[in-house]
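Notes for the one structure printed next.
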Amino acid sequence: MTREGWIRLGVVLAATAALEALCRFGAIAHTVVLAPTEMTISLWRILLSGEYNADILLTLRNVLVSSAIAVGLGFALGAIIHALPRVRGAVEPLLASYYSIPTFMFYPIFIVIFGVGSQAIIAIAVLLSIVAMITSTLTGLDRIPPVLRKTARVFRMSPPARAVLIDLPAAAPYLFTGVKLSFAYALIGVIASEFILSGAGIGYSIAYAYNNFSNQRMYGLMLLVIIVATAANTALDAIDRRLQSRLRR
Amino acid sequence: MKRFGDFLILLFALFAVWQGLYAIAGETTLTSPAATFVHLGQLMRTEQFWGHVAETGWAFAMAVAISLAGGIGLGTLLGLNRTSGVVSEPILIALYSLPKVTLYPVVLLCFGLGISAKVAFGAMHGLIPVAIFTMKAIMQIKPVYLRTARVLRLSPSQLAMTIALPAVLPEVLAGARLGFSLSLLGVLIGEMFASKRGLGFLITSAMGLGDIATIMSVAVFLSIFAVAANALLLLIDRAIPH
């Protein structure tokens with residue numbers, strides 16, 4: 001590990017220890033925030049008892065389904081928009097300001113259309129994450145070096161062969177950035193939707209525990225979300241960095 | 001001009017899709033574009049609606065102010081030193097991609113039910129992207145600029161005003177744009193989950209009543225506001241020299 005990596009680990013550990021100390025010595029009331037060790041114990045109990053397994057699996061499944069839809073559909077739409085310059089000129093200002101629209105406000109409409117359940121949640125998560133994939137696809141296809149295209153012409157490659165052998169590998173680093181962002185947004189979309197209105201899932205369980213003043217469970221589940229999100233995002237980020245550094249070679 | 005025409009065609013197509021969905025789904029699940037704007041017009045003539053807008057607007061303004069001041073301050077502090085920047089970047093990115101809704105109960109427990117919890121939650125969403133963009137901008141100032149400043153013997157204040165500020169401004173503005181929209185989202189989600197005032201509450205209460213027209217009107221109102229504000233920030237971005 002690099003020197004910066006060790007310092008980073010130290011900073012995170014020090015922050016956790018500080019929170020632990022503040023909670024143990026009563027500077028933060030027990031009813032407000034639990035000590036990190038208590039959160040860990042609570043999470044351990046939750047996982048051992050297995051009472052939330054169904055919710056955890058449901059949330060993970062919804063996140064995976066929505067990011068898969070967002071990545072597939074976003075890539076297809078991005079490739080189509082890239083092929084049609086006039087459409088692109090019209091769509092681009094919309095894409096640039098898309099993330100300023102609180103997409104989340106449309107969740108109630110999806111509930112009305114699909115009912116309370118996985119479908120509405122997946123729809124809002126896809127809506128939240130698809131545009132990141134579309135923009136990444138556009139950037140990736142733009143950044144394919146012209147010399148590679150010329151090489152393909154020299155070798156008289158057919159369009160499908162060129163797409164698979166030249167375009168896709170050349171755009172891969174940018175496409176992966178899109179995958180990473182889509183996953184992060186899908187996670188946010190799914191958990192936020194479950195939180196606001198839903199009958200199952202981790203987000204719902206946290207909201208339920210909050211409404212029932214069940215701090216032990218709430219903090220245990222929160223810790224689970226934080227660990228899963230950080231681990232997944234860090235892993236995707238590490239792969240992303242590898243691919244990006246390949247570009248600079 | 002042609003691009004603008006294409007954009008108008010696209011807007012028209014979006015309305016056509018909306019109208020088409022309305023034709024398929026029917027009155028009980030969606031309202032038509034025309035009916036939505038008529039309802040929005042009616043809402044905008046009531047005093048209650050502007051009370052909700054004022055509540056959300058006030059919380060949002062404070063959240064944005066905290067996000068910008070805190071984010072630029074934190075970003076500058078961390079970006080000035082290379083080690084602190086490298087150390088904190090992954091931590092900030094991890095915090096950024098965390099589903100912060102899960103932490104809302106903690107915010108509620110710390111700040112209580114009320115406007116301060118909403119402001120804190122909005123600022124939580126907005127502050128981190130502003131800090132990340134500011135920090136990266138400062139770390140990526142070309143070393144040759146700083147060497148030029150040393151050759152010209154600029155004082156620290158001159159260095160800040162004539163070299164550092166113009167160099168980081170575009171990036172910081174991009175961060176501010178993101179911070180702006182995320183603060184709005186944070187405030188609205190805060191209102192949807194636990195509040196008795198504001199546009200987020202208006203949407204959840206309409207959801208409970210099955211009042212689709214109000215949900216759609218408020219969503220359209222917020223989208224128009226967000227896109228207009230974003231367009232304004234993009235215009236400022238284009239006006240400054242890069």
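Each chain in the structure tokens gets a letter, A, B and so on, in the order shown; residues start at 1 in every chain, and ligands are counted from 1 in the order they appear.
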
Item to check | Distance-based interface of chain A with chain B, 6 Å, counting only C-alpha atoms, as an MDAnalysis selection string | outcome: chainID A and resid 4 8 32 90 100:102 105 112:113 184 188 192 196 230

Same residues, C-alpha atoms, saved as a short mmCIF file (atom, residue, chain, number, x, y, z; two decimals), in the first residue's frame:
```cif
data_model
loop_
_atom_site.label_atom_id
_atom_site.label_comp_id
_atom_site.auth_asym_id
_atom_site.auth_seq_id
_atom_site.Cartn_x
_atom_site.Cartn_y
_atom_site.Cartn_z
CA GLU A 4 -1.15 7.95 1.07
CA ARG A 8 -6.09 7.39 4.50
CA VAL A 32 -29.01 10.05 18.82
CA ALA A 90 -31.07 18.47 -30.14
CA SER A 100 -30.49 19.14 -12.39
CA ILE A 101 -34.06 17.79 -12.64
CA PRO A 102 -35.09 16.11 -9.41
CA MET A 105 -40.27 13.66 -8.04
CA VAL A 112 -49.49 5.12 -9.67
CA ILE A 113 -48.59 3.37 -12.94
CA ALA A 184 -23.85 4.13 -7.99
CA ILE A 188 -29.08 5.52 -4.64
CA ALA A 192 -34.16 6.17 -1.76
CA ILE A 196 -39.94 7.01 0.75
CA THR A 230 -18.37 1.71 -0.24
#
```

Q: Please provide the set of residues having any atom within 7 Å of stretch 53-62 of chain B, restricted to only C-alpha atoms, with same-chain residues fewer than 3 positions apart removed, written as number ranges by chain.
A: B: 49-50, 65-66, 115, 118-119, 183-184, 187, 197-199

Residue neighbourhood A:Arg143, 12 Å, only C-alpha atoms, exclusion window fewer than 2 positions, as a PyMOL selection string
chain A and resi 82+136-141+145-149+167-175+247

Next on the checklist: Set the distance at 12 Å and use only C-alpha atoms: which residues neighbour B:Gly20 once local chain neighbours fewer than 5 positions away are removed? I'd like the list as a list in words.
Outcome noted: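 My list of contacting residues is Ala13, Leu14, Phe15, Ala25, Gly26, Leu30, Thr31, Ser32 and Pro33 of chain B.
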
**OP:** Using DSSP on the backbone, list every residue of stretch 7-238 of chain B that comes out as alpha helix (DSSP H), and give them as a PyMOL selection string.
**Re:** chain B and resi 7-25+33-44+47-79+82-96+104-111+115-139+143-151+156-158+165-193+199-209+212-238

What is the distance, in Å and to one decimal place, between atom CA of A:Asn233 and atom CA of A:Leu187?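 Computing it gives 10.1 Å between the two atoms.
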
If you count only C-alpha atoms, the residue of A:Leu181, A:Val63, A:Ile134, A:Ala15 closest to A:Arg88 turns out to be A:Ile134

Skip A:Leu58 itself and residues of its chain fewer than 5 positions away, then list as a ChimeraX atom specification all residues within 9 Å of it, counting only C-alpha atoms. /A:53,63,118,200-202

Kindly save the residues from that selection, with N, CA and C atoms included, as a PDB file, in the first residue's frame.
```pdb
ATOM      1  N   ASN A  53     -32.744 -11.057   5.692  1.00  0.00           N
ATOM      2  CA  ASN A  53     -32.124 -11.608   4.479  1.00  0.00           C
ATOM      3  C   ASN A  53     -32.956 -11.364   3.235  1.00  0.00           C
ATOM      4  N   VAL A  63     -31.116  -3.504  -7.431  1.00  0.00           N
ATOM      5  CA  VAL A  63     -29.995  -2.663  -7.866  1.00  0.00           C
ATOM      6  C   VAL A  63     -29.338  -3.283  -9.094  1.00  0.00           C
ATOM      7  N   SER A 118     -41.528  -3.710  -6.887  1.00  0.00           N
ATOM      8  CA  SER A 118     -40.208  -3.625  -7.498  1.00  0.00           C
ATOM      9  C   SER A 118     -40.230  -2.856  -8.812  1.00  0.00           C
ATOM     10  N   ALA A 200     -40.910  -3.277   1.240  1.00  0.00           N
ATOM     11  CA  ALA A 200     -39.836  -4.242   1.481  1.00  0.00           C
ATOM     12  C   ALA A 200     -38.512  -3.634   1.053  1.00  0.00           C
ATOM     13  N   GLY A 201     -37.419  -4.286   1.427  1.00  0.00           N
ATOM     14  CA  GLY A 201     -36.094  -3.811   1.045  1.00  0.00           C
ATOM     15  C   GLY A 201     -35.364  -3.161   2.204  1.00  0.00           C
ATOM     16  N   ILE A 202     -34.048  -2.928   2.014  1.00  0.00           N
ATOM     17  CA  ILE A 202     -33.239  -2.364   3.100  1.00  0.00           C
ATOM     18  C   ILE A 202     -33.695  -0.956   3.442  1.00  0.00           C
TER      19      ILE A 202
END
```

- Message: If I take atom CA of A:Gly26 and atom CA of B:His125, how far is one from the other in Å, to one decimal?
- Response: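 Value for the atom CA of A:Gly26-atom CA of B:His125 distance: 28.3 Å.
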
Selected residue, from A:Ser205, A:Leu34, A:Ala163, A:Phe110, that lies nearest to A:Ala54 when counting only C-alpha atoms: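 Among the listed residues, the smallest separation from A:Ala54 belongs to A:Ser205.
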
Q: Take atom CA of A:Ala120 and atom CA of A:Phe75 and report the distance between them in Å, one decimal.
A: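 If I compute the distance from atom CA of A:Ala120 to atom CA of A:Phe75, I get 21.9 Å.
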